Every structure is written in C-alpha cells, then in structure tokens.
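Have a look at protein_36.cif; it's mmCIF, C-alpha atoms and all ligand atoms:
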data_target
loop_
_atom_site.label_atom_id
_atom_site.label_comp_id
_atom_site.auth_asym_id
_atom_site.auth_seq_id
_atom_site.Cartn_x
_atom_site.Cartn_y
_atom_site.Cartn_z
CA MET Z 1 0.00 0.00 0.00
CA ARG Z 2 1.05 3.57 -0.54
CA TYR Z 3 0.08 6.40 1.77
CA ARG Z 4 -0.45 10.12 1.25
CA GLN Z 5 -0.89 13.10 3.55
CA ILE Z 6 -4.49 14.28 3.82
CA GLY Z 7 -3.77 17.98 3.27
CA ASN Z 8 -2.54 19.67 6.43
CA THR Z 9 -4.33 17.34 8.86
CA GLY Z 10 -1.13 15.51 9.71
CA GLU Z 11 -2.87 12.21 8.91
CA LYS Z 12 -1.68 9.79 6.24
CA ALA Z 13 -4.28 7.81 4.31
CA SER Z 14 -3.88 4.70 2.22
CA ILE Z 15 -4.33 5.83 -1.39
CA ILE Z 16 -7.16 3.29 -1.61
CA GLY Z 17 -9.84 3.52 1.06
CA LEU Z 18 -12.88 1.36 1.63
CA GLY Z 19 -16.35 2.74 0.97
CA CYS Z 20 -18.52 0.67 3.28
CA GLU Z 21 -21.95 1.37 1.76
CA HIS Z 22 -22.22 -2.04 0.14
CA LEU Z 23 -21.73 -3.75 3.50
CA ASP Z 24 -25.13 -2.41 4.57
CA GLY Z 25 -27.56 -5.31 5.02
CA LYS Z 26 -24.82 -7.96 4.75
CA PRO Z 27 -24.25 -10.61 7.44
CA PHE Z 28 -21.53 -9.98 10.01
CA SER Z 29 -19.34 -12.79 8.64
CA GLN Z 30 -19.22 -11.03 5.25
CA VAL Z 31 -18.58 -7.63 6.79
CA LYS Z 32 -15.74 -9.08 8.87
CA ALA Z 33 -14.14 -10.91 5.94
CA THR Z 34 -14.26 -7.74 3.81
CA ILE Z 35 -12.83 -5.48 6.53
CA ASP Z 36 -10.14 -8.07 7.31
CA ALA Z 37 -9.09 -8.20 3.65
CA ALA Z 38 -8.94 -4.40 3.47
CA LEU Z 39 -6.88 -4.03 6.63
CA ALA Z 40 -4.58 -6.88 5.60
CA GLY Z 41 -3.96 -5.00 2.35
CA GLY Z 42 -2.94 -1.84 4.25
CA VAL Z 43 -6.22 0.10 3.89
CA ASN Z 44 -6.46 2.53 6.80
CA LEU Z 45 -9.41 4.72 5.78
CA LEU Z 46 -13.05 3.65 5.92
CA ASP Z 47 -16.04 5.71 4.86
CA VAL Z 48 -19.06 5.05 7.05
CA PHE Z 49 -21.90 7.31 5.96
CA MET Z 50 -24.66 4.77 6.50
CA PRO Z 51 -27.04 5.76 9.28
CA GLY Z 52 -28.24 2.24 10.21
CA THR Z 53 -27.12 0.96 13.61
CA GLU Z 54 -26.61 -2.66 12.56
CA VAL Z 55 -24.12 -1.98 9.75
CA ARG Z 56 -22.24 0.52 11.91
CA GLU Z 57 -21.99 -2.03 14.74
CA ASN Z 58 -20.93 -4.79 12.36
CA ILE Z 59 -18.10 -2.64 10.99
CA ALA Z 60 -16.93 -1.59 14.47
CA LYS Z 61 -17.06 -5.21 15.67
CA ALA Z 62 -15.10 -6.33 12.60
CA ILE Z 63 -12.43 -3.71 13.32
CA GLY Z 64 -12.33 -4.85 16.94
CA LYS Z 65 -9.03 -4.12 18.67
CA ARG Z 66 -7.60 -2.58 15.50
CA ARG Z 67 -9.45 0.73 15.98
CA SER Z 68 -6.21 2.72 16.10
CA ASP Z 69 -5.05 1.10 12.83
CA VAL Z 70 -7.87 2.69 10.84
CA MET Z 71 -9.39 6.12 10.34
CA VAL Z 72 -13.13 6.51 9.99
CA GLN Z 73 -14.93 9.14 7.95
CA GLY Z 74 -18.20 9.47 9.91
CA HIS Z 75 -20.95 11.68 8.54
CA ILE Z 76 -22.83 14.30 10.54
CA GLY Z 77 -26.37 14.78 9.25
CA SER Z 78 -26.72 11.32 7.66
CA THR Z 79 -29.98 9.79 8.90
CA ASP Z 80 -32.69 7.36 7.84
CA VAL Z 81 -35.69 9.30 9.13
CA ARG Z 82 -37.72 9.32 5.89
CA GLN Z 83 -35.78 6.86 3.76
CA GLN Z 84 -32.79 4.53 4.01
CA TYR Z 85 -30.25 7.28 3.26
CA ASP Z 86 -31.54 10.66 4.27
CA ILE Z 87 -30.08 14.08 5.09
CA SER Z 88 -31.09 16.03 8.18
CA ARG Z 89 -30.12 19.48 9.45
CA ASP Z 90 -32.46 19.24 12.43
CA LEU Z 91 -30.02 19.39 15.34
CA PRO Z 92 -31.70 16.97 17.77
CA THR Z 93 -31.94 14.41 14.93
CA VAL Z 94 -28.39 15.10 13.74
CA LYS Z 95 -27.05 14.69 17.27
CA LYS Z 96 -28.97 11.49 17.89
CA TYR Z 97 -27.53 9.75 14.83
CA PHE Z 98 -24.00 11.08 15.21
CA GLU Z 99 -23.80 10.32 18.90
CA THR Z 100 -24.80 6.73 18.19
CA LEU Z 101 -21.93 6.59 15.69
CA LEU Z 102 -19.55 8.04 18.29
CA HIS Z 103 -20.70 5.53 20.85
CA ILE Z 104 -20.12 2.65 18.43
CA PHE Z 105 -16.65 3.73 17.23
CA GLY Z 106 -15.43 5.55 20.37
CA TYR Z 107 -14.27 8.56 18.36
CA ILE Z 108 -14.44 9.63 14.74
CA ASP Z 109 -11.32 10.62 12.82
CA PHE Z 110 -13.03 12.77 10.20
CA GLY Z 111 -16.37 14.27 11.21
CA MET Z 112 -17.92 14.94 7.81
CA MET Z 113 -20.62 17.58 7.40
CA PHE Z 114 -22.84 15.51 5.17
CA PHE Z 115 -23.82 16.28 1.58
CA ILE Z 116 -23.50 20.04 1.06
CA ASP Z 117 -24.60 20.47 -2.56
CA THR Z 118 -27.18 23.24 -2.61
CA ASP Z 119 -27.82 26.66 -1.18
CA GLU Z 120 -30.32 25.08 1.14
CA ASP Z 121 -27.72 22.55 2.34
CA TYR Z 122 -25.27 25.40 2.93
CA LYS Z 123 -27.78 27.39 4.97
CA GLY Z 124 -28.78 24.27 6.89
CA VAL Z 125 -25.17 23.83 7.99
CA PHE Z 126 -23.80 27.36 8.35
CA GLU Z 127 -26.87 29.38 9.30
CA THR Z 128 -28.14 27.10 12.07
CA GLY Z 129 -26.36 25.62 15.08
CA PHE Z 130 -25.07 22.71 12.93
CA ALA Z 131 -21.60 24.12 12.29
CA ASP Z 132 -21.28 25.16 15.95
CA TYR Z 133 -22.14 21.62 16.97
CA VAL Z 134 -19.43 20.29 14.67
CA GLN Z 135 -16.85 22.67 16.15
CA LYS Z 136 -17.87 21.59 19.63
CA LEU Z 137 -17.39 17.95 18.66
CA LYS Z 138 -13.85 18.78 17.65
CA GLN Z 139 -13.13 20.78 20.81
CA GLN Z 140 -14.33 17.83 22.88
CA GLY Z 141 -12.08 15.44 20.95
CA ASP Z 142 -15.06 13.41 19.69
CA ILE Z 143 -13.92 14.09 16.15
CA ARG Z 144 -10.26 14.56 15.28
CA HIS Z 145 -10.78 16.65 12.14
CA ILE Z 146 -13.62 18.47 10.43
CA GLY Z 147 -14.49 17.48 6.88
CA PHE Z 148 -17.48 17.68 4.58
CA SER Z 149 -18.87 15.92 1.54
CA SER Z 150 -20.13 17.46 -1.67
CA HIS Z 151 -20.72 16.79 -5.34
CA ASN Z 152 -21.02 20.42 -6.39
CA PRO Z 153 -17.86 22.44 -7.16
CA ALA Z 154 -19.42 25.86 -6.54
CA MET Z 155 -20.85 24.83 -3.21
CA ALA Z 156 -17.69 22.99 -2.18
CA THR Z 157 -15.68 26.13 -2.93
CA ARG Z 158 -18.06 28.19 -0.80
CA VAL Z 159 -17.76 25.75 2.09
CA LEU Z 160 -13.94 25.75 1.89
CA LYS Z 161 -13.91 29.53 2.02
CA THR Z 162 -15.59 29.46 5.46
CA GLY Z 163 -12.22 28.15 6.70
CA LEU Z 164 -13.94 25.48 8.80
CA PRO Z 165 -13.14 22.20 6.98
CA GLU Z 166 -9.74 20.53 6.99
CA MET Z 167 -10.58 18.00 4.31
CA MET Z 168 -13.25 17.14 1.77
CA LEU Z 169 -14.92 14.05 0.32
CA PHE Z 170 -15.75 14.96 -3.29
CA SER Z 171 -17.07 13.05 -6.29
CA ILE Z 172 -14.30 12.86 -8.88
CA ASN Z 173 -14.17 10.89 -12.10
CA LEU Z 174 -13.39 11.70 -15.71
CA ALA Z 175 -17.04 12.03 -16.73
CA PHE Z 176 -17.98 14.36 -13.88
CA ASP Z 177 -14.92 16.53 -14.60
CA LEU Z 178 -16.16 17.03 -18.16
CA TYR Z 179 -19.60 18.26 -17.16
CA PRO Z 180 -20.05 22.03 -16.85
CA ALA Z 181 -20.17 22.92 -13.13
CA GLU Z 182 -23.78 24.08 -13.33
CA VAL Z 183 -24.92 20.59 -14.36
CA ASN Z 184 -25.91 18.35 -11.45
CA ALA Z 185 -23.55 15.47 -12.20
CA LEU Z 186 -25.21 13.24 -9.64
CA ASP Z 187 -28.57 13.60 -11.40
CA GLU Z 188 -26.84 12.91 -14.72
CA LEU Z 189 -25.35 9.77 -13.23
CA HIS Z 190 -28.80 8.52 -12.33
CA GLN Z 191 -30.29 9.45 -15.70
CA GLY Z 192 -27.39 8.18 -17.83
CA LEU Z 193 -24.11 9.94 -18.59
CA ASP Z 194 -24.30 11.93 -21.81
CA LYS Z 195 -21.11 12.53 -23.78
CA SER Z 196 -22.69 15.33 -25.82
CA ALA Z 197 -22.65 17.54 -22.69
CA PHE Z 198 -18.86 17.21 -22.33
CA HIS Z 199 -16.80 20.27 -23.27
CA GLY Z 200 -13.31 19.69 -21.95
CA PHE Z 201 -12.28 19.96 -18.34
CA ASP Z 202 -14.73 22.05 -16.41
CA PRO Z 203 -12.71 25.05 -15.18
CA ASP Z 204 -14.66 25.33 -11.91
CA ARG Z 205 -13.87 21.75 -11.00
CA ALA Z 206 -10.21 22.20 -11.91
CA ALA Z 207 -10.15 25.41 -9.84
CA LEU Z 208 -11.66 23.58 -6.86
CA TYR Z 209 -8.91 20.96 -6.84
CA THR Z 210 -6.20 23.55 -7.14
CA LEU Z 211 -7.83 25.65 -4.40
CA CYS Z 212 -7.63 22.58 -2.16
CA GLU Z 213 -3.96 22.16 -2.99
CA THR Z 214 -3.36 25.82 -2.20
CA MET Z 215 -5.27 25.72 1.10
CA GLY Z 216 -3.78 22.41 2.27
CA ILE Z 217 -7.17 20.69 2.09
CA GLY Z 218 -6.88 16.97 1.36
CA ILE Z 219 -9.46 15.36 -0.89
CA THR Z 220 -10.82 11.87 -0.49
CA VAL Z 221 -12.77 10.72 -3.50
CA MET Z 222 -16.21 9.19 -3.90
CA LYS Z 223 -17.90 8.07 -7.13
CA THR Z 224 -14.45 7.09 -8.37
CA LEU Z 225 -16.02 4.61 -10.82
CA GLY Z 226 -19.08 6.82 -11.45
CA GLY Z 227 -21.30 4.39 -9.56
CA GLY Z 228 -19.93 1.61 -11.80
CA LYS Z 229 -21.11 3.29 -15.00
CA LEU Z 230 -17.65 4.24 -16.25
CA VAL Z 231 -16.52 0.62 -16.15
CA SER Z 232 -19.71 -0.72 -17.72
CA PRO Z 233 -19.68 -1.41 -21.49
CA GLU Z 234 -23.39 -0.65 -21.52
CA HIS Z 235 -23.38 2.61 -19.55
CA THR Z 236 -20.00 4.21 -20.22
CA PRO Z 237 -20.30 7.64 -21.86
CA PHE Z 238 -16.99 7.07 -23.67
CA ASP Z 239 -16.18 4.99 -26.72
CA ARG Z 240 -15.04 2.22 -24.44
CA PRO Z 241 -15.36 1.51 -20.72
CA LEU Z 242 -12.55 2.54 -18.40
CA THR Z 243 -11.11 -0.10 -16.09
CA ALA Z 244 -11.40 0.36 -12.33
CA ALA Z 245 -7.63 0.93 -12.21
CA GLN Z 246 -7.84 3.69 -14.83
CA CYS Z 247 -10.60 5.39 -12.83
CA MET Z 248 -8.51 5.20 -9.65
CA GLU Z 249 -5.41 6.49 -11.43
CA TYR Z 250 -7.39 9.39 -12.87
CA ALA Z 251 -8.68 10.47 -9.46
CA LEU Z 252 -5.31 9.94 -7.79
CA THR Z 253 -3.59 12.21 -10.31
CA ARG Z 254 -5.87 15.18 -9.54
CA PRO Z 255 -4.33 17.89 -7.33
CA ALA Z 256 -4.82 17.50 -3.55
CA VAL Z 257 -6.26 13.99 -3.78
CA ALA Z 258 -5.10 11.74 -0.94
CA SER Z 259 -7.25 8.65 -1.30
CA VAL Z 260 -9.94 7.10 -3.49
CA MET Z 261 -12.77 5.37 -1.69
CA VAL Z 262 -13.81 2.22 -3.51
CA GLY Z 263 -16.96 0.36 -2.48
CA CYS Z 264 -16.40 -3.37 -1.93
CA GLN Z 265 -18.66 -5.98 -0.41
CA THR Z 266 -16.53 -9.13 -0.42
CA PRO Z 267 -12.87 -9.93 0.31
CA GLU Z 268 -12.48 -10.91 -3.36
CA GLU Z 269 -13.60 -7.43 -4.45
CA VAL Z 270 -11.12 -5.88 -2.02
CA LYS Z 271 -8.28 -8.00 -3.39
CA ASP Z 272 -9.29 -7.20 -6.95
CA THR Z 273 -9.31 -3.46 -6.15
CA LEU Z 274 -5.90 -3.65 -4.49
CA ARG Z 275 -4.42 -5.20 -7.65
CA TYR Z 276 -4.11 -1.57 -8.79
CA LEU Z 277 -1.04 -1.28 -6.57
CA ASP Z 278 0.86 -3.92 -8.55
CA MET Z 279 -0.18 -2.82 -12.03
CA SER Z 280 2.18 -1.38 -14.58
CA GLU Z 281 1.88 2.25 -15.63
CA SER Z 282 0.41 1.21 -18.94
CA GLU Z 283 -2.34 -0.81 -17.23
CA ARG Z 284 -3.32 2.22 -15.13
CA ASP Z 285 -2.99 4.71 -17.95
CA TYR Z 286 -6.31 6.46 -18.60
CA THR Z 287 -5.20 8.62 -21.52
CA PRO Z 288 -6.26 6.16 -24.25
CA VAL Z 289 -9.85 6.91 -23.27
CA MET Z 290 -9.16 10.62 -23.10
CA ASN Z 291 -7.59 10.42 -26.53
CA THR Z 292 -11.05 9.68 -27.92
CA LEU Z 293 -11.87 13.22 -26.77
CA ARG Z 294 -8.45 14.58 -27.66
CA ASN Z 295 -9.57 17.98 -28.84
CA ASP Z 296 -11.26 18.66 -25.51
CA PHE Z 297 -7.91 18.51 -23.77
CA LYS Z 298 -5.62 19.99 -26.41
CA GLY Z 299 -3.01 22.22 -24.83
CA ASN Z 300 -4.09 21.48 -21.25
CA CYS Z 301 -2.03 19.33 -18.94
CA VAL Z 302 -4.00 16.45 -17.43
CA TYR Z 303 -1.06 15.44 -15.16
CA CYS Z 304 -0.82 11.98 -16.75
CA GLY Z 305 3.00 11.80 -16.77
CA HIS Z 306 3.36 10.55 -20.35
CA CYS Z 307 5.96 13.20 -21.08
CA GLN Z 308 8.52 11.62 -18.73
CA PRO Z 309 11.41 11.01 -18.56
CA CYS Z 310 12.96 14.45 -18.66
CA PRO Z 311 16.75 14.29 -19.13
CA VAL Z 312 17.35 16.90 -16.43
CA GLY Z 313 14.89 15.28 -14.02
CA ILE Z 314 12.01 17.76 -14.02
CA ASP Z 315 8.71 16.32 -12.74
CA ILE Z 316 6.80 17.99 -15.57
CA ALA Z 317 3.27 17.12 -14.41
CA THR Z 318 3.96 18.59 -10.97
CA VAL Z 319 5.46 21.79 -12.38
CA ASN Z 320 2.43 22.10 -14.67
CA LYS Z 321 0.12 21.55 -11.70
CA TYR Z 322 1.72 24.37 -9.70
CA LEU Z 323 1.70 26.55 -12.81
CA ASP Z 324 -2.02 25.95 -13.30
CA ILE Z 325 -2.62 26.99 -9.68
CA ALA Z 326 -0.43 30.09 -10.10
CA ARG Z 327 -2.26 31.08 -13.29
CA LEU Z 328 -5.60 31.19 -11.46
CA ASP Z 329 -4.52 34.40 -9.77
CA ALA Z 330 -1.04 35.30 -10.98
CA LYS Z 331 -0.91 38.50 -8.92
CA HIS Z 332 -1.63 36.71 -5.63
CA ILE Z 333 0.18 33.39 -5.74
CA SER Z 334 -0.03 31.72 -2.36
CA PRO Z 335 3.21 31.31 -0.37
CA SER Z 336 2.42 27.61 0.05
CA ILE Z 337 2.49 27.03 -3.72
CA ARG Z 338 5.73 29.01 -4.02
CA SER Z 339 7.19 26.93 -1.24
CA HIS Z 340 6.04 23.61 -2.79
CA TYR Z 341 7.58 24.73 -6.08
CA ALA Z 342 10.80 25.82 -4.39
CA GLY Z 343 10.99 22.37 -2.76
CA LEU Z 344 11.18 20.56 -6.10
CA ASP Z 345 14.59 19.05 -6.92
CA LYS Z 346 14.34 20.40 -10.47
CA SER Z 347 11.93 23.03 -11.66
CA GLY Z 348 10.90 24.98 -14.74
CA GLY Z 349 14.11 27.02 -14.85
CA ASP Z 350 16.15 23.83 -15.31
CA CYS Z 351 14.51 23.06 -18.67
CA ILE Z 352 17.03 22.87 -21.50
CA ALA Z 353 14.29 22.93 -24.15
CA CYS Z 354 15.30 19.59 -25.61
CA GLY Z 355 11.68 19.03 -26.66
CA SER Z 356 11.64 15.27 -26.07
CA CYS Z 357 8.69 15.62 -23.67
CA GLU Z 358 6.54 17.51 -26.16
CA SER Z 359 6.77 14.69 -28.67
CA ARG Z 360 5.46 12.29 -26.01
CA CYS Z 361 2.58 14.43 -24.73
CA PRO Z 362 -0.74 13.14 -26.11
CA PHE Z 363 -2.40 16.52 -25.62
CA ASP Z 364 0.04 18.88 -27.35
CA VAL Z 365 0.86 20.76 -24.18
CA PRO Z 366 3.46 23.50 -24.87
CA ILE Z 367 5.74 22.13 -22.17
CA ILE Z 368 8.85 24.20 -22.95
CA LYS Z 369 6.77 27.37 -22.82
CA ASN Z 370 5.10 26.19 -19.61
CA MET Z 371 8.45 25.50 -17.92
CA ALA Z 372 9.61 29.02 -18.77
CA GLU Z 373 6.35 30.51 -17.49
CA ALA Z 374 6.58 28.50 -14.25
CA ALA Z 375 10.15 29.72 -13.75
CA GLN Z 376 9.02 33.29 -14.25
CA LEU Z 377 5.81 33.18 -12.15
CA LEU Z 378 6.99 30.98 -9.31
CA ARG Z 379 10.59 32.08 -8.88
S1 LIG Z 401 2.48 17.65 -20.23
FE1 LIG Z 401 1.23 16.21 -21.44
S2 LIG Z 401 2.13 14.21 -21.05
FE2 LIG Z 401 2.96 15.58 -19.51
S3 LIG Z 401 1.62 15.29 -17.75
FE3 LIG Z 401 0.80 17.01 -18.92
S4 LIG Z 401 -0.71 16.11 -20.31
FE4 LIG Z 401 0.52 14.42 -19.54
S1 LIG Z 402 12.01 20.16 -22.93
FE1 LIG Z 402 12.56 20.70 -20.85
S2 LIG Z 402 11.01 19.72 -19.60
FE2 LIG Z 402 10.90 18.77 -21.62
S3 LIG Z 402 12.18 16.93 -21.42
FE3 LIG Z 402 13.47 18.59 -22.26
S4 LIG Z 402 14.40 19.54 -20.45
FE4 LIG Z 402 12.70 18.28 -19.71
#
Would it be possible to restate this file's structure as structure tokens?
Ligand code: SF4
Ligand code: SF4
Amino acid sequence: MRYRQIGNTGEKASIIGLGCEHLDGKPFSQVKATIDAALAGGVNLLDVFMPGTEVRENIAKAIGKRRSDVMVQGHIGSTDVRQQYDISRDLPTVKKYFETLLHIFGYIDFGMMFFIDTDEDYKGVFETGFADYVQKLKQQGDIRHIGFSSHNPAMATRVLKTGLPEMMLFSINLAFDLYPAEVNALDELHQGLDKSAFHGFDPDRAALYTLCETMGIGITVMKTLGGGKLVSPEHTPFDRPLTAAQCMEYALTRPAVASVMVGCQTPEEVKDTLRYLDMSESERDYTPVMNTLRNDFKGNCVYCGHCQPCPVGIDIATVNKYLDIARLDAKHISPSIRSHYAGLDKSGGDCIACGSCESRCPFDVPIIKNMAEAAQLLR
C-alpha cells in the first residue's frame, strides 16, 4: 500500500480507502471478511456514511481491537428518518444519529458535514447551530478533524472559504470533470451519462482541486467509478469503458487527492481493487480513453506523466500543476504554492528545451513554454 498526507491534517491515508456502503444489510461474517481483507492490504481509511445501527456495529465489531489502525470518515447529518439514506439538518436528529456513531466507534477521525450540494444545504449547515455543533465535537475530541462531503464544485468552494473544513470528500471521475459545473452530475449519473454535454475539463472543478492544494485541504474521493457506470460497457459515456484501475489512477492524479474510496462488499472485491497497486503504468494509464476526446484537452495538462522522462529530471506534471494553480490568480500566488515549487529538486528554470517531452505528450501541451512561465511566475 502507498500512503499520502491528507492535506494539512497531519494524517496519512492509504491511497485506496474502503467505501462501506455495500456492506449495509450484509451478514456480520461477510462484513468481517471484507474489513479483514482491506486491513490486511494496508487500507487505513473507511467511509461510514450509513445511518443504520446494525451496519455501523458490524463494521466496528469487525475492526475490533484494530481501531487505532484505521481512520473513519463518519458523517454528521446522515440519517434514515424518511428513507434509508436521508439528510437532516435538524439538530436533535443530527445529534442522535451522530452520537450513536460516536458511541459505536469511540471517536471519529473525520467528522464529515454531510452532503453540502445546494444553497439550502449550505444554509442548513452554516446558518443554524449545525456548524457550531461540529466545532464543539472537535473541541471535545469526539472528532479529530472536520471534513465535509459534496458533489457540487461551486458549493464545495463556498464551504472551503468558510475556513472550517480541513478535508473534503468529493465526487471525482473523468465524466464528472467534463460536465459544466452548473450541471448536477449526480442527477446525470442517475439518468445516464451523456457525452454530448462534455466540453473539456470544467474550469470550476479544476479550480476547486487547485484551491484545495493551495489551502492544504486533502481530498478523499467518492464516485471514483461513477457508480460503476464508467466501467460498464453498456453505460459508459466514452467509446469504451474505463477499467477500475484507470478510474482510480485518474482520481489519484488530480491535485490535492489523498485517497480514493472504492466500495467493496466481499474480500475478493477488495483483493481485486488492491491489484491496482501492482499494475504497470500502462495498465493504469487512462489517456487512451481521453484520446477519444483529444480535442477537448488539447493544450491542457492532465497530469498523466506521459511526457517523462525528462533528461534533467524535471517532474513535468507537478510543475504544470503548480503553474495551473499560479495562473488562477497570478498576482496573488499563495506562499504555500511558491514553497512547494521551491521544494522541487528540479523546476521549470532547469529546462534545457530539448523538446523530447513535447513529442510524447498526447495533448500537445506546450511544455517548454510552460516551464519558462513557471520559472518566471513561481521564482
Ligand atoms: S504535459 Fe502532457 S504528457 Fe505531460 S503530464 Fe501534462 S498532459 Fe501528460
Ligand atoms: S524540454 Fe525541458 S522539460 Fe521537456 S524533457 Fe526537455 S528539459 Fe525536460
């Protein structure tokens, strides 16, 4: 397993986490076997958004004495009052469900303000006592860090700008990133993903990820496989289905992403998911699918790494990533991005303009020009 920092939280997550939704309604023996396989494979991050007591207890019992070996994303406001998975902002209800979760797990590593996608969700969290309750949970040590979940880039950006969250669970996959931000990607997922709506990387989504990188907010990813549709020959919006490994690689190469949560319900599914770790670069490579939409990406770095190796040792994708962040507001580049850039062994100024990278880039990125611009902006 490989591990990454979750932003500035000081916590390190396995790059593959376990989404536990599909363990809901399963017998304890199956829950235990699945959790055991995940932990044996080095998974240390579990997402537990389900409000039902039985599944929560089964997961906690399966973890047993290994509680300190795993981190739990527990969701505040996830209930089953009207339906199996429901959202509540009513404080007594919110407290009842979350305190049951606390009781079951002892403490929660990431207390996630649940599902902030709309203006109404935002008001329900920040204009009631909800956010105060969350802060109190942290002060009491019941939750170690404050996070939130969202599928909407504009709303996620607004939540981040309150300064309250330390991390974010966000839906990231290639299809969602191609939808304009104003489209409700979750609705599209339910109705069927439609390629005709894709117009290159949505700038608001790209800006959200780079904002996270700038602010030191770590992202954990949900909907990595687009609810299974991206890997389905029948439902994929692309000319061919992606593999699960390609979907994971795509999400893991977005800025600020620490971990992708993958839903598994058997030990075999866990083992199959973890095969990603042993795959070759070419097996994980998602650009062949992007190439079918080549013109949508022309000139824009997608951080795929195809341009390597650079003879002077520049990590071109990383320099391009910092450059993209700097370009968002070139007059006010954050000190943290300057310091990340300064920490690179080799940077844009080391480019000798040999051009070998440009011939390997599938998206015609003007790399030599970018290296010079990075050297000038980030010096
Ligand atoms: S410059 Fe091209 S090849 Fe290199 S990481 Fe960016 S998109 Fe990929
Ligand atoms: S052109 Fe610059 S960045 Fe590209 S491979 Fe040559 S030295 Fe490296």
Exercise for review: Write out as a VMD selection string each polymer residue (protein, DNA or RNA) that has an atom no more than 7 Å from ligand LIG 401 (chain Z), with only C-alpha atoms and all ligand atoms counted.
Suggested key: chain Z and resid 300 to 308 316 to 317 320 360 to 365 367
Residues from the last selection, C-alpha atoms, saved as an mmCIF file, keeping the file's coordinate frame:
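Contents of out.cif, freshly written:
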data_model
loop_
_atom_site.group_PDB
_atom_site.id
_atom_site.type_symbol
_atom_site.label_atom_id
_atom_site.label_comp_id
_atom_site.auth_asym_id
_atom_site.auth_seq_id
_atom_site.Cartn_x
_atom_site.Cartn_y
_atom_site.Cartn_z
ATOM 1 C CA ASN Z 300 -4.090 21.480 -21.250
ATOM 2 C CA CYS Z 301 -2.030 19.330 -18.940
ATOM 3 C CA VAL Z 302 -4.000 16.450 -17.430
ATOM 4 C CA TYR Z 303 -1.060 15.440 -15.160
ATOM 5 C CA CYS Z 304 -0.820 11.980 -16.750
ATOM 6 C CA GLY Z 305 3.000 11.800 -16.770
ATOM 7 C CA HIS Z 306 3.360 10.550 -20.350
ATOM 8 C CA CYS Z 307 5.960 13.200 -21.080
ATOM 9 C CA GLN Z 308 8.520 11.620 -18.730
ATOM 10 C CA ILE Z 316 6.800 17.990 -15.570
ATOM 11 C CA ALA Z 317 3.270 17.120 -14.410
ATOM 12 C CA ASN Z 320 2.430 22.100 -14.670
ATOM 13 C CA ARG Z 360 5.460 12.290 -26.010
ATOM 14 C CA CYS Z 361 2.580 14.430 -24.730
ATOM 15 C CA PRO Z 362 -0.740 13.140 -26.110
ATOM 16 C CA PHE Z 363 -2.400 16.520 -25.620
ATOM 17 C CA ASP Z 364 0.040 18.880 -27.350
ATOM 18 C CA VAL Z 365 0.860 20.760 -24.180
ATOM 19 C CA ILE Z 367 5.740 22.130 -22.170
#
Would you tabulate, counting only C-alpha atoms and all ligand atoms, all residues of chain Z that have an atom at most 6 Å from an atom of ligand LIG 402 (chain Z), showing the closest pair of atoms and their distance in Å to one decimal, sorted by chain then ascending number, as CSV?
residue,atom,partner,partner_atom,distance
Z:Cys310,CA,Z:LIG402,S3,3.8
Z:Pro311,CA,Z:LIG402,FE4,5.7
Z:Val312,CA,Z:LIG402,S4,5.6
Z:Ile314,CA,Z:LIG402,FE4,5.8
Z:Cys351,CA,Z:LIG402,FE1,3.8
Z:Ile352,CA,Z:LIG402,S4,4.4
Z:Ala353,CA,Z:LIG402,S1,3.8
Z:Cys354,CA,Z:LIG402,FE3,3.9
Z:Gly355,CA,Z:LIG402,S1,3.9
Z:Ser356,CA,Z:LIG402,S3,5.0
Z:Cys357,CA,Z:LIG402,S3,4.4
Z:Ile368,CA,Z:LIG402,S1,5.1
Exercise for review: Would you mind telling me which residue in Z:Asp187, Z:Asp239, Z:Asp177, Z:Glu213 lies nearest to Thr318 (chain Z) when using all atoms listed in the file?
Suggested key: Z:Glu213
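Interatomic distance, CA of Pro180 (chain Z) against CA of Ala256 (chain Z): 20.7 Å.
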Point to revise | For Gly25 (chain Z), the nearest of the candidates Z:Ser88, Z:Asn58, Z:Gln5, Z:Thr236, counting all atoms listed in the file | key: Z:Asn58
Exercise for review: Identify, on the basis of all atoms listed in the file, every residue whose closest approach to region 223-235 of chain Z does not exceed 12 Å; exclude the query and any residue fewer than 2 positions from it along the same chain; express the result as an MDAnalysis selection string.
Suggested key: chainID Z and resid 16:19 21:22 149:151 169:177 185:195 220:221 237:252 254 257 259:264 273 286 289
Exercise for review: Within 9 Å of Phe148 (chain Z), counting only C-alpha atoms, which residues show up once you throw out same-chain ones fewer than 3 positions away? Write them as a PyMOL selection string, please.
Suggested key: chain Z and resi 75-76+110-116+156+159+165-170
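The interatomic distance for the pair CA of Thr162 (chain Z) and CA of Gly106 (chain Z) works out to 28.2 Å.
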Review point. Contacts of Thr266 (chain Z) at 9 Å or less, counting only C-alpha atoms, minus same-chain residues fewer than 3 places along, as a PyMOL selection string?
Key: chain Z and resi 23+30-31+33-35+37+269-271
